[in-house]
Every structure is written in structure tokens, then in C-alpha cells.
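Student: Here you go, this is query22.cif (mmCIF, C-alpha atoms).
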data_target
loop_
_atom_site.label_atom_id
_atom_site.label_comp_id
_atom_site.auth_asym_id
_atom_site.auth_seq_id
_atom_site.Cartn_x
_atom_site.Cartn_y
_atom_site.Cartn_z
CA MET A 1 169.73 167.88 110.26
CA THR A 2 169.06 171.53 109.66
CA GLU A 3 170.39 173.70 112.49
CA PRO A 4 168.26 176.56 113.84
CA THR A 5 170.73 179.06 112.37
CA ASP A 6 170.37 177.36 108.98
CA PHE A 7 166.62 177.73 109.24
CA GLU A 8 167.04 181.40 110.08
CA LEU A 9 169.33 181.81 107.09
CA LEU A 10 166.79 180.20 104.75
CA GLU A 11 164.09 182.45 106.10
CA LEU A 12 166.15 185.44 104.96
CA ALA A 13 166.16 184.20 101.35
CA THR A 14 162.93 186.13 100.68
CA PRO A 15 164.08 189.61 101.81
CA TYR A 16 167.47 188.85 100.22
CA ALA A 17 165.88 188.07 96.84
CA LEU A 18 163.62 191.15 97.08
CA HIS A 19 166.59 193.46 97.94
CA ALA A 20 164.76 194.25 101.18
CA MET A 21 167.87 194.58 103.30
CA SER A 22 170.89 196.85 103.68
CA HIS A 23 174.10 196.24 101.75
CA ALA A 24 175.82 195.34 105.02
CA GLU A 25 173.25 192.69 105.89
CA ARG A 26 173.37 191.37 102.36
CA ALA A 27 177.14 190.99 102.53
CA ASP A 28 176.76 189.24 105.89
CA ILE A 29 174.30 186.77 104.39
CA ASP A 30 176.60 186.12 101.44
CA ARG A 31 179.32 185.18 103.93
CA ARG A 32 176.98 182.93 105.91
CA VAL A 33 175.73 181.15 102.79
CA ALA A 34 179.31 180.58 101.63
CA ALA A 35 180.15 179.03 105.01
CA ALA A 36 176.93 176.98 105.31
CA PRO A 37 176.74 173.22 104.60
CA ALA A 38 176.28 172.56 100.87
CA PRO A 39 172.61 171.47 101.11
CA VAL A 40 171.74 174.66 103.00
CA ALA A 41 173.57 176.83 100.48
CA ALA A 42 171.81 175.01 97.63
CA ALA A 43 168.40 175.43 99.28
CA PHE A 44 169.09 179.15 99.77
CA ALA A 45 170.10 179.57 96.11
CA ASP A 46 167.01 177.64 94.95
CA GLU A 47 164.72 179.80 97.03
CA VAL A 48 166.30 183.04 95.75
CA ARG A 49 166.10 181.82 92.15
CA GLY A 50 162.44 180.83 92.49
CA ILE A 51 161.51 184.21 93.95
CA ARG A 52 163.33 186.08 91.18
CA GLU A 53 161.59 184.02 88.49
CA ALA A 54 158.23 184.74 90.13
CA MET A 55 158.91 188.49 90.35
CA ALA A 56 159.97 188.48 86.68
CA ILE A 57 156.51 187.19 85.82
CA VAL A 58 154.94 189.71 88.21
CA SER A 59 156.62 192.52 86.25
CA ALA A 60 153.75 192.16 83.75
CA ALA A 61 151.59 193.88 86.37
CA THR A 62 153.67 197.08 86.44
CA ALA A 63 154.65 197.27 82.76
CA ALA A 64 154.70 200.84 81.45
CA GLU A 65 155.85 202.33 78.17
CA PRO A 66 159.02 204.43 78.55
CA PRO A 67 159.27 207.77 76.69
CA ALA A 68 160.29 207.22 73.05
CA HIS A 69 163.47 209.31 73.35
CA LEU A 70 164.85 206.91 75.95
CA ARG A 71 165.51 204.26 73.30
CA ALA A 72 168.25 206.22 71.54
CA GLU A 73 169.79 207.26 74.85
CA ALA A 74 169.82 203.73 76.24
CA LEU A 75 171.22 202.26 73.03
CA ALA A 76 173.84 205.00 72.57
CA VAL A 77 176.25 203.15 74.86
CA ALA A 78 176.53 200.43 72.21
CA GLN A 79 178.28 202.67 69.68
CA PRO A 80 181.96 201.93 70.25
CA ASP A 81 183.02 203.20 66.82
CA ARG A 82 181.44 206.58 67.23
CA THR A 83 182.68 206.89 70.80
CA HIS A 84 186.17 205.93 69.78
CA GLN A 85 186.21 208.38 66.90
CA LEU A 86 184.92 211.29 68.96
CA ARG A 87 187.27 210.48 71.76
CA TRP A 88 190.18 211.23 69.48
CA ARG A 89 188.50 214.15 67.78
CA THR A 90 188.10 215.87 71.13
CA ALA A 91 191.46 214.81 72.49
CA ALA A 92 192.86 218.34 72.21
CA PHE A 93 191.68 219.29 75.67
CA VAL A 94 192.82 216.06 77.26
CA SER A 95 196.40 215.44 78.18
CA ALA A 96 197.54 212.13 76.78
CA ALA A 97 199.11 211.27 80.11
CA ALA A 98 195.79 211.68 81.92
CA ALA A 99 194.07 209.42 79.41
CA ILE A 100 196.70 206.73 79.92
CA VAL A 101 196.38 206.95 83.70
CA VAL A 102 192.60 206.66 83.50
CA GLY A 103 192.88 203.74 81.09
CA ALA A 104 195.42 201.92 83.23
CA ALA A 105 193.41 202.39 86.42
CA ALA A 106 190.28 201.05 84.78
CA PHE A 107 192.02 198.13 83.14
CA GLY A 108 192.54 196.06 86.27
CA VAL A 109 188.88 196.28 87.23
CA GLY A 110 187.67 195.84 83.66
CA VAL A 111 189.54 192.59 83.21
CA LEU A 112 187.86 191.15 86.26
CA MET A 113 184.41 192.32 85.35
CA ARG A 114 184.33 191.63 81.66
CA PRO A 115 186.26 189.29 79.42
CA HIS A 116 185.90 191.57 76.38
CA PRO A 117 189.14 193.33 75.49
CA THR A 118 187.27 196.24 73.82
CA GLN A 119 187.76 198.74 76.63
CA THR A 120 186.95 202.22 75.41
CA VAL A 121 186.98 205.05 77.93
CA ALA A 122 183.18 204.85 77.71
CA GLU A 123 183.23 201.26 78.86
CA GLN A 124 185.67 202.07 81.61
CA ILE A 125 183.15 204.57 82.94
CA MET A 126 180.36 202.04 82.60
CA THR A 127 182.29 199.41 84.53
CA ALA A 128 182.97 201.79 87.41
CA PRO A 129 181.07 200.75 90.54
CA ASP A 130 180.12 204.38 91.21
CA VAL A 131 178.78 205.21 87.73
CA ARG A 132 175.93 207.75 87.87
CA THR A 133 173.74 209.39 85.26
CA VAL A 134 172.27 212.86 85.05
CA SER A 135 170.04 214.26 82.25
CA ARG A 136 168.83 217.76 81.41
CA PRO A 137 167.04 219.32 78.44
CA LEU A 138 169.36 221.14 76.06
CA ALA A 139 167.93 223.24 73.21
CA ASN A 140 165.20 220.93 71.84
CA GLY A 141 167.05 217.77 72.84
CA THR A 142 168.57 216.08 75.85
CA ALA A 143 172.06 216.08 77.30
CA THR A 144 172.97 213.11 79.49
CA VAL A 145 176.24 212.58 81.34
CA MET A 146 177.32 209.24 82.71
CA PHE A 147 180.18 209.84 85.06
CA SER A 148 182.39 208.15 87.60
CA ARG A 149 184.28 209.93 90.36
CA ASP A 150 186.46 206.84 90.76
CA ARG A 151 187.46 207.00 87.09
CA ASN A 152 187.60 210.81 87.16
CA ALA A 153 185.83 210.69 83.80
CA GLY A 154 182.47 211.20 82.19
CA MET A 155 180.70 210.55 78.92
CA LEU A 156 178.23 213.01 77.45
CA VAL A 157 175.47 211.72 75.19
CA MET A 158 173.41 214.36 73.36
CA ASN A 159 170.21 213.34 71.64
CA ASN A 160 168.30 215.48 69.17
CA VAL A 161 170.23 218.60 70.12
CA PRO A 162 170.23 220.91 67.10
CA PRO A 163 173.64 222.12 65.87
CA PRO A 164 174.70 225.61 67.03
CA ALA A 165 174.13 228.52 64.64
CA PRO A 166 176.87 228.98 62.01
CA GLY A 167 179.81 230.93 63.41
CA THR A 168 179.15 229.72 66.96
CA VAL A 169 179.95 226.62 68.99
CA TYR A 170 178.51 224.86 71.99
CA GLN A 171 181.11 225.19 74.70
CA MET A 172 181.21 222.84 77.68
CA TRP A 173 182.39 224.00 81.08
CA LEU A 174 183.31 222.04 84.15
CA ILE A 175 182.14 224.15 87.07
CA GLY A 176 184.48 224.04 90.07
CA SER A 177 185.19 226.11 93.15
CA ASN A 178 187.32 228.43 90.98
CA GLY A 179 184.55 228.94 88.44
CA PRO A 180 184.13 227.42 84.99
CA THR A 181 186.93 225.67 83.11
CA SER A 182 186.48 224.96 79.41
CA ALA A 183 185.94 221.27 78.64
CA GLY A 184 185.82 221.54 74.87
CA THR A 185 183.59 222.87 72.14
CA MET A 186 181.31 221.40 69.50
CA GLY A 187 180.80 223.17 66.20
CA THR A 188 178.02 222.65 63.71
CA ALA A 189 179.76 219.67 62.10
CA ALA A 190 180.34 217.89 65.42
CA VAL A 191 176.70 217.84 66.50
CA ALA A 192 174.81 214.85 65.05
CA PRO A 193 171.36 213.57 66.08
CA SER A 194 173.19 211.41 68.62
CA THR A 195 176.55 212.78 69.73
CA THR A 196 178.95 211.58 72.39
CA HIS A 197 181.83 213.39 74.05
CA MET A 198 184.30 212.24 76.70
CA PHE A 199 185.54 214.12 79.77
CA ASN A 200 188.76 212.63 81.08
CA ASN A 201 189.38 214.87 84.03
CA LEU A 202 186.38 215.80 86.16
CA GLY A 203 188.63 216.82 89.06
CA SER A 204 186.56 218.33 91.85
CA SER A 205 184.06 219.94 89.46
CA THR A 206 180.46 219.90 90.62
CA ALA A 207 178.62 220.34 87.32
CA LEU A 208 178.86 220.41 83.56
CA ALA A 209 177.43 223.54 81.91
CA PHE A 210 176.76 224.52 78.29
CA THR A 211 176.91 227.94 76.66
CA VAL A 212 176.87 229.17 73.07
CA GLU A 213 180.13 230.97 72.25
CA PRO A 214 181.23 232.88 69.16
CA GLY A 215 183.90 231.59 66.79
CA ASN A 216 185.88 228.67 68.15
CA GLY A 217 184.99 229.28 71.78
CA SER A 218 185.92 231.60 74.64
CA PRO A 219 188.32 231.41 77.60
CA GLN A 220 185.38 232.18 79.91
CA PRO A 221 181.61 231.98 79.28
CA THR A 222 180.25 235.09 77.57
CA SER A 223 176.59 234.05 77.42
CA ALA A 224 173.94 232.60 79.72
CA ILE A 225 174.18 228.96 80.67
CA LEU A 226 171.87 226.87 78.46
CA ALA A 227 171.92 223.77 80.63
CA GLU A 228 173.67 222.65 83.78
CA LEU A 229 174.11 219.00 84.75
CA PRO A 230 175.07 218.60 88.42
CA PHE A 231 177.44 215.82 89.47
CA GLY A 232 175.60 215.55 92.77
CA MET B 1 150.85 180.41 79.70
CA THR B 2 154.10 180.26 77.80
CA GLY B 3 154.40 184.03 77.23
CA PRO B 4 157.15 184.83 79.73
CA ARG B 5 158.90 181.51 79.09
CA ARG B 6 159.10 182.07 75.35
CA LEU B 7 160.22 185.66 75.92
CA SER B 8 162.93 184.36 78.22
CA SER B 9 164.26 181.78 75.76
CA ASP B 10 164.43 184.50 73.08
CA LEU B 11 166.28 186.69 75.55
CA ASP B 12 168.71 183.88 76.40
CA ALA B 13 169.75 183.69 72.76
CA LEU B 14 169.85 187.47 72.34
CA LEU B 15 172.00 187.95 75.43
CA ARG B 16 174.62 185.59 74.03
CA HIS B 17 174.82 187.87 71.00
CA VAL B 18 174.92 191.00 73.16
CA ALA B 19 177.83 189.46 75.07
CA ARG B 20 179.73 189.37 71.77
CA GLY B 21 179.03 193.06 71.14
CA ASP B 22 176.06 192.65 68.77
CA ARG B 23 174.31 196.02 68.73
CA GLU B 24 171.23 194.81 66.89
CA ALA B 25 170.69 192.12 69.50
CA PHE B 26 171.07 194.81 72.17
CA ALA B 27 168.37 196.91 70.47
CA ALA B 28 166.11 193.84 70.25
CA VAL B 29 166.60 193.15 73.98
CA TYR B 30 165.66 196.75 74.72
CA ASP B 31 162.50 196.53 72.63
CA LEU B 32 161.45 193.22 74.20
CA THR B 33 162.02 194.28 77.80
CA LYS B 34 161.63 198.08 77.97
CA THR B 35 158.07 198.12 79.33
CA ARG B 36 158.83 195.59 82.06
CA VAL B 37 162.08 197.30 83.05
CA TYR B 38 160.89 200.91 82.88
CA GLY B 39 157.54 200.00 84.47
CA LEU B 40 159.24 198.36 87.44
CA VAL B 41 161.71 201.23 87.84
CA VAL B 42 159.06 203.93 87.68
CA ARG B 43 156.90 202.02 90.17
CA VAL B 44 159.80 202.02 92.63
CA LEU B 45 161.17 205.53 91.95
CA ARG B 46 157.88 207.35 91.21
CA ASP B 47 159.74 210.04 89.29
CA ALA B 48 160.06 210.14 85.51
CA GLY B 49 163.50 211.81 85.45
CA TYR B 50 165.11 209.44 87.96
CA SER B 51 163.43 206.51 86.22
CA GLU B 52 164.83 207.44 82.82
CA GLU B 53 168.33 207.84 84.24
CA THR B 54 168.12 204.55 86.10
CA THR B 55 166.73 202.73 83.05
CA GLN B 56 169.69 203.99 81.04
CA GLU B 57 172.06 202.70 83.71
CA ILE B 58 170.32 199.32 83.63
CA TYR B 59 170.76 198.87 79.88
CA LEU B 60 174.31 200.14 80.15
CA GLU B 61 174.99 197.44 82.74
CA LEU B 62 173.25 194.90 80.51
CA TRP B 63 175.48 195.90 77.58
CA ARG B 64 178.67 195.54 79.54
CA SER B 65 177.82 192.49 81.63
CA ALA B 66 175.71 190.31 79.32
CA SER B 67 178.56 187.82 79.29
CA GLU B 68 178.06 187.28 83.02
CA TYR B 69 174.55 185.94 82.51
CA ASP B 70 174.49 182.19 83.21
CA SER B 71 171.37 180.41 81.96
CA ALA B 72 172.04 177.57 84.41
CA LYS B 73 171.25 179.98 87.26
CA GLY B 74 167.89 181.24 86.01
CA SER B 75 166.09 182.88 83.12
CA ALA B 76 167.40 185.89 81.22
CA LEU B 77 164.30 187.87 82.12
CA ALA B 78 164.78 187.20 85.83
CA TRP B 79 168.47 188.13 85.56
CA LEU B 80 167.62 191.46 83.92
CA LEU B 81 164.74 192.36 86.21
CA THR B 82 166.74 191.42 89.31
CA MET B 83 169.45 193.83 88.20
CA ALA B 84 166.85 196.48 87.31
CA HIS B 85 165.15 196.16 90.70
CA ARG B 86 168.47 196.33 92.57
CA ARG B 87 169.41 199.54 90.74
CA ALA B 88 165.99 201.10 91.33
CA VAL B 89 166.11 200.26 95.05
CA ASP B 90 169.67 201.57 95.38
CA ARG B 91 168.60 204.80 93.69
CA VAL B 92 165.47 205.30 95.80
CA ARG B 93 167.51 204.77 98.96
CA THR B 94 170.17 207.24 97.78
CA GLU B 95 167.62 209.88 96.84
CA GLN B 96 165.77 209.49 100.10
CA ALA B 97 168.78 209.23 102.39
CA GLY B 98 168.79 213.00 102.89
CA THR B 99 165.05 213.45 103.26
CA ARG B 100 162.81 212.72 106.20
CA ARG B 101 162.07 209.06 106.72
CA GLU B 102 158.36 209.77 106.83
CA SER B 103 158.24 210.97 103.25
CA ARG B 104 159.78 207.70 102.17
CA TYR B 105 157.19 205.71 104.05
CA GLY B 106 154.52 207.84 102.49
CA ALA B 107 155.89 207.19 99.01
CA ALA B 108 155.92 203.48 99.77
CA ASN B 109 152.15 203.34 99.94
CA VAL B 110 151.60 201.65 96.63
CA ASP B 111 148.23 200.50 95.51
CA LEU B 112 149.53 197.49 93.69
CA VAL B 113 146.43 195.73 92.49
CA SER B 114 144.19 198.53 91.35
CA GLY B 115 147.16 200.78 90.48
CA PRO B 116 146.83 204.01 88.53
CA ALA B 117 145.39 203.01 85.18
CA GLY B 118 147.13 205.83 83.35
CA ASP B 119 150.71 204.61 83.66
CA THR B 120 150.22 201.06 82.48
CA VAL B 121 150.16 199.81 78.93
CA ALA B 122 148.60 197.12 76.84
CA ASP B 123 151.90 195.85 75.47
CA SER B 124 151.99 193.37 72.65
CA ALA B 125 154.94 191.71 74.37
CA ILE B 126 152.83 191.16 77.47
CA ALA B 127 149.63 189.34 76.68
CA ALA B 128 146.55 190.70 78.40
CA ASP B 129 145.78 187.28 79.88
CA GLU B 130 149.23 187.10 81.48
CA ARG B 131 148.68 190.46 83.08
CA ARG B 132 145.24 189.45 84.32
CA ARG B 133 146.63 186.23 85.74
CA VAL B 134 149.39 188.08 87.62
CA LEU B 135 146.93 190.62 89.02
CA ALA B 136 144.62 187.81 90.12
CA CYS B 137 147.51 186.11 91.92
CA LEU B 138 148.46 189.35 93.69
CA ASP B 139 144.82 189.82 94.62
CA ALA B 140 144.73 186.30 96.09
CA LEU B 141 147.32 187.23 98.75
CA THR B 142 146.08 188.35 102.15
CA ASP B 143 146.04 192.13 102.66
CA ALA B 144 148.87 191.82 105.18
CA GLN B 145 151.02 189.78 102.78
CA ARG B 146 150.40 192.18 99.91
CA GLU B 147 151.25 195.14 102.11
CA CYS B 148 154.64 193.55 102.90
CA ILE B 149 155.42 193.07 99.22
CA GLU B 150 154.29 196.58 98.38
CA LEU B 151 156.45 198.20 101.05
CA ALA B 152 159.53 196.04 100.52
CA TYR B 153 159.59 195.31 96.79
CA TYR B 154 157.98 198.47 95.40
CA GLY B 155 158.70 200.85 98.28
CA GLY B 156 162.36 199.92 98.65
CA LEU B 157 162.09 199.43 102.40
CA THR B 158 164.23 196.83 104.17
CA TYR B 159 162.34 194.13 106.05
CA ALA B 160 163.48 195.78 109.29
CA GLU B 161 161.92 199.06 108.11
CA VAL B 162 158.74 197.24 107.12
CA SER B 163 158.63 195.83 110.65
CA GLN B 164 158.97 199.32 112.18
CA ARG B 165 156.51 200.84 109.76
CA LEU B 166 153.84 198.25 110.56
CA ALA B 167 154.76 198.05 114.27
CA THR B 168 154.96 194.30 113.86
CA ASN B 169 157.79 192.13 115.10
CA LEU B 170 160.55 191.08 112.76
CA SER B 171 159.87 187.35 112.73
CA THR B 172 156.21 187.95 111.79
CA ILE B 173 157.31 190.16 108.90
CA LYS B 174 159.80 187.58 107.68
CA SER B 175 157.13 184.85 107.80
CA ARG B 176 154.64 187.09 106.02
CA MET B 177 157.08 187.88 103.22
CA ARG B 178 157.96 184.21 102.83
CA ASP B 179 154.30 183.16 102.79
CA ALA B 180 153.46 185.90 100.28
CA LEU B 181 156.12 184.63 97.89
CA ARG B 182 155.08 180.99 98.38
CA GLY B 183 151.51 181.96 97.58
CA LEU B 184 152.54 183.94 94.53
CA ARG B 185 154.77 181.17 93.21
CA ASN B 186 152.07 178.55 93.66
CA CYS B 187 149.44 180.71 92.02
CA LEU B 188 151.72 181.64 89.10
CA ASP B 189 152.90 178.05 88.79
CA ALA B 190 156.44 179.46 88.83
CA PRO B 191 159.10 176.79 89.41
#
Just give me the structure as C-alpha cells.

Tutor:
Amino acid sequence: MTEPTDFELLELATPYALHAMSHAERADIDRRVAAAPAPVAAAFADEVRGIREAMAIVSAATAAEPPAHLRAEALAVAQPDRTHQLRWRTAAFVSAAAAIVVGAAAFGVGVLMRPHPTQTVAEQIMTAPDVRTVSRPLANGTATVMFSRDRNAGMLVMNNVPPPAPGTVYQMWLIGSNGPTSAGTMGTAAVAPSTTHMFNNLGSSTALAFTVEPGNGSPQPTSAILAELPFG
Amino acid sequence: MTGPRRLSSDLDALLRHVARGDREAFAAVYDLTKTRVYGLVVRVLRDAGYSEETTQEIYLELWRSASEYDSAKGSALAWLLTMAHRRAVDRVRTEQAGTRRESRYGAANVDLVSGPAGDTVADSAIAADERRRVLACLDALTDAQRECIELAYYGGLTYAEVSQRLATNLSTIKSRMRDALRGLRNCLDAP
């Protein structure tokens, strides 16, 4: 026999499947389903599955073409070779110890979440539960940072950003309460149509900013900020 | 119609390749699903910038967690769109946490069936007859049922917030949502 509380639980399958409840209530329902008699748990799972299949079909009604530039940005995460290469190319501003600490901290979580052993720093950021993304126009292109406060790291993806003029570099700054701290530079050769760059120590910085600097870069910004990506 | 089913069996196979780190399969998944994913996200978030960021996060999660997809638990398309919807709802709740509740309720007024014609597409991956069939099924719901789905699924409101918003008791809202989904599933002939 189905108990009244079981009935109530099954009735919540619809808002559960539609994400129409708080995280706390969702977690509570997960616990109740796990503790429910097997037929009730199976009926709940069936109902949730059926609703999700229906809403997948319903997505035809809201289909909309994304902007063309989004394709390269979305697919950029699947470039482990490039990410790996640039990670080492830009390692000068990263202490090796910090990189090891970040890697070790992410490893435990990564193993649980993904069986693949190919854990680049980029993937460690992606697997962070608190990963966030922020995008801003930069020159004629787009700069996007995916970052994780938990991992204390971020990954910059630049699309269609033209290289800086010869004799200058793009310089990146992490903006903190004590002002800007240099987070590396990119010269003409480093800027490709799709370029990635890792930040292994976000600290308490609140934004990433770009300037154009002469030569190989400056200790402090000497020109106006081209773009600022807030970590808010 | 077999449109979504065939798409889903293609996606099943592609996701197995993505799980092994196949970048071409990942690009193919993006091309097959981008209009459904982005369209759903932009309908929930109603902001192009947030929608682009969230869509990137969705494909990033797909890339890293494709190996977690289990075809015994549902179709690949449902798996992806469930994840996409969860991320869109989380984002809309985050963005609106600091703003007045009223503005969120205002934004949740979605005209689902007639919709703005400008932001939809005739996508080769989504046959026109499938789209018509879905719209007809949404149209077949009662106004009250459709309103519940609009506020909860596209507006990102919890069922408790839908109840407050409509000044209707919680058990009525739960029944209405359940009946709306039963009606939709019957009409769509979704298992």
C-alpha cells in the first residue's frame, strides 16, 4: 500500500523534475526518495524521467540560434594540447609550488567526478562546483574568464582578439584592494585567433583587467584599461 | 515523429565519443543541440550576455561529464537539456537574489505559445512539424496549467513562489503542475 507520505513524495516529482524548488528542498527530497520503499523510489524516478523526456521535446518550441562567435568559445574548452602548452609558456608568473597545491587540491574532487586521468588546470577549474564565467569585449574580439574561487584559479579564453601592435604587449592585471598586480603579458606571437591563458592565483582579486604596455610590460599600468572582467 | 528520437540516438553515440575526449564529436554535439540549449537558456535568462556565459558553462560541463551520462536512465537530449535548464535556473536565481522580488515575477511573465517571433529559428535540426506539434500541445493545456509551467519552468520560480504569485494554495499548484505535465506527455506521446 502506498502511504500518504509516499503519495506526497510522488506529487513532488513534477516540481523536482522542473527544478522548481530550492536546493535545500531538493536535497530533502533526495534523502526521502533514498529512504522510501523501492517501488516508491522507482515510481518517483520514472516520473522524473518521463517529465525530462517531455521537456526535451518541448525545447523545440523555444529553439533559438546562438551568436556565431559562441561556437569557438564553447568548443575552446576541448583544446587540452593548446591549454597545456600555454600553461607552461606562461608559467613564469606562477610559482611552481602554487601550481602543485592547486593541482593536488583539485585531484581528489576530480577523481570522484571524472574517471579521465587527463586533468589539466583548465579541467580542474571546470570541475570546480563554483565555476563561473564572465565575458567582455576586448579590441574587436571577446575575452572570457572561467574561474573558481575554490580552486583559486581561472582560465582566460580570447577569441578573435587582434595581436597587439609590434613593440607592445597586452598586459593582464588582477585588481585587488592594493591595486593592480601583473598577471602576465601576451606579445604579438602569443595572440592567436583563439588563445587561452591560465591564472593560478586569483587571491582576493575582484577583477581581471587588460592594458596595452610598451616593450615587455610594465610594473604598473601606464595606459587606460581596455577591458575589465569582474569576478563578481 | 521520430525527429527527437533519432537526434537522441545520434547524441547517445556522440556522447560516448566525447567521454573519451573526442573533440570532433564534441563539436558535432554542439552543432546538433546549440539551438535547443541556447534557446532554452535565453528564454529563462532573458539576457544575451548571461545566456552566452551560461551556454558556455553548459558545454563545458558536457565536455567534462559526458562519461556520467547513462543511457539506461534516459535519452542524451533529456540529459543535456536537464543540465542546461538547471544551470539557467541557478543563474537566474543568483542574478535576481539581490534585486527586488517583484522584478523577478515581472520577468517570469512569459508568453510561451505565441512567443516573440524574432528570437526563434527555423532550424534544420528541428523539423517545422515537430515545432508545430509541440506548440499545439502547449496550446492544449488549460490557461492555468500553462501559467504554472511558464512561471516555474521558464521563469525559474519555485512551486512555493508560484503559489504565492498566483495567491493559490500549494496543493492546488502541485496538482496543476502534475496535470500540466501529464497532459503534455499524453499529447506528445512521450513515454

Student: Using the chain letters and residue numbers of this document, give as a PyMOL selection string the residues selected by the PyMOL selection byres ((chain A) within 6 of (chain B)).

Tutor: chain A and resi 14+18+20-21+52-54+56+58-66+74+133

Student: Selected by the PyMOL selection byres ((chain A and resi 181) around 10) in the shown coordinates: which residues, as a list in words?

Tutor: Met172, Trp173, Leu174, Ile175, Gly176, Asn178, Gly179, Pro180, Ser182, Ala183, Gly184, Ser205, Leu208, Ala209, Pro219, Gln220 and Pro221 of chain A

Student: I'd like the interatomic distance between CA of Asp47 in chain B and CA of Ala84 in chain B, to a tenth of an Å.

Tutor: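 Atom-to-atom, CA of Asp47 in chain B and CA of Ala84 in chain B are spaced 15.4 Å apart.
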
Student: State, in Å with one decimal place, the distance from CA of Met146 in chain A to CA of Arg132 in chain A.

Tutor: 5.5 Å

Student: Report the distance between CA of Asn216 in chain A and CA of Thr185 in chain A in Å, rounded to one decimal place.

Tutor: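 About the pair CA of Asn216 in chain A and CA of Thr185 in chain A: they are 7.4 Å apart.
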
Student: Quick one: of A:Met186, A:Ala38, A:Ala224, A:Ala17, who's nearest to Gln171 in chain A, counting all atoms listed in the file?

Tutor: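 Smallest separation from Gln171 in chain A among the options: A:Met186.
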
Student: Which one of B:Ser163, B:Gly183, B:Asn169, B:Asp129 sits closest to Gln145 in chain B if you count all atoms listed in the file?

Tutor: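 Ranking B:Ser163, B:Gly183, B:Asn169, B:Asp129 by distance to Gln145 in chain B, first place goes to B:Gly183.
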
Student: With the file shown as input, list the residues that the PyMOL selection byres ((chain A and resi 32) around 12) selects, as a list in words.

Tutor: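 So the PyMOL selection byres ((chain A and resi 32) around 12) ends up selecting Thr5, Asp6, Glu8, Leu9, Leu10, Leu12, Ala13, Glu25, Arg26, Ala27, Asp28, Ile29, Asp30, Arg31, Val33, Ala34, Ala35, Ala36, Pro37, Ala38, Val40, Ala41 and Phe44 of chain A.
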
Student: Could you please fill out range 58-69 of chain B with N, CA and C atoms and send it back as an mmCIF file, keeping the file's coordinate frame?

Tutor:
data_model
loop_
_atom_site.group_PDB
_atom_site.id
_atom_site.type_symbol
_atom_site.label_atom_id
_atom_site.label_comp_id
_atom_site.auth_asym_id
_atom_site.auth_seq_id
_atom_site.Cartn_x
_atom_site.Cartn_y
_atom_site.Cartn_z
ATOM 1 N N ILE B 58 170.614 200.751 83.678
ATOM 2 C CA ILE B 58 170.320 199.320 83.630
ATOM 3 C C ILE B 58 170.735 198.732 82.283
ATOM 4 N N TYR B 59 170.393 199.411 81.201
ATOM 5 C CA TYR B 59 170.760 198.870 79.880
ATOM 6 C C TYR B 59 172.258 199.000 79.620
ATOM 7 N N LEU B 60 172.850 200.009 80.222
ATOM 8 C CA LEU B 60 174.310 200.140 80.150
ATOM 9 C C LEU B 60 174.964 198.940 80.859
ATOM 10 N N GLU B 61 174.434 198.596 82.025
ATOM 11 C CA GLU B 61 174.990 197.440 82.740
ATOM 12 C C GLU B 61 174.731 196.154 81.947
ATOM 13 N N LEU B 62 173.553 196.072 81.329
ATOM 14 C CA LEU B 62 173.250 194.900 80.510
ATOM 15 C C LEU B 62 174.274 194.780 79.369
ATOM 16 N N TRP B 63 174.544 195.891 78.727
ATOM 17 C CA TRP B 63 175.480 195.900 77.580
ATOM 18 C C TRP B 63 176.868 195.423 78.000
ATOM 19 N N ARG B 64 177.302 195.884 79.164
ATOM 20 C CA ARG B 64 178.670 195.540 79.540
ATOM 21 C C ARG B 64 178.772 194.189 80.246
ATOM 22 N N SER B 65 177.679 193.705 80.822
ATOM 23 C CA SER B 65 177.820 192.490 81.630
ATOM 24 C C SER B 65 176.967 191.332 81.116
ATOM 25 N N ALA B 66 176.518 191.408 79.872
ATOM 26 C CA ALA B 66 175.710 190.310 79.320
ATOM 27 C C ALA B 66 176.462 188.987 79.377
ATOM 28 N N SER B 67 177.780 189.059 79.279
ATOM 29 C CA SER B 67 178.560 187.820 79.290
ATOM 30 C C SER B 67 178.535 187.140 80.663
ATOM 31 N N GLU B 68 178.118 187.882 81.684
ATOM 32 C CA GLU B 68 178.060 187.280 83.020
ATOM 33 C C GLU B 68 176.772 186.495 83.244
ATOM 34 N N TYR B 69 175.801 186.671 82.352
ATOM 35 C CA TYR B 69 174.550 185.940 82.510
ATOM 36 C C TYR B 69 174.803 184.440 82.308
#
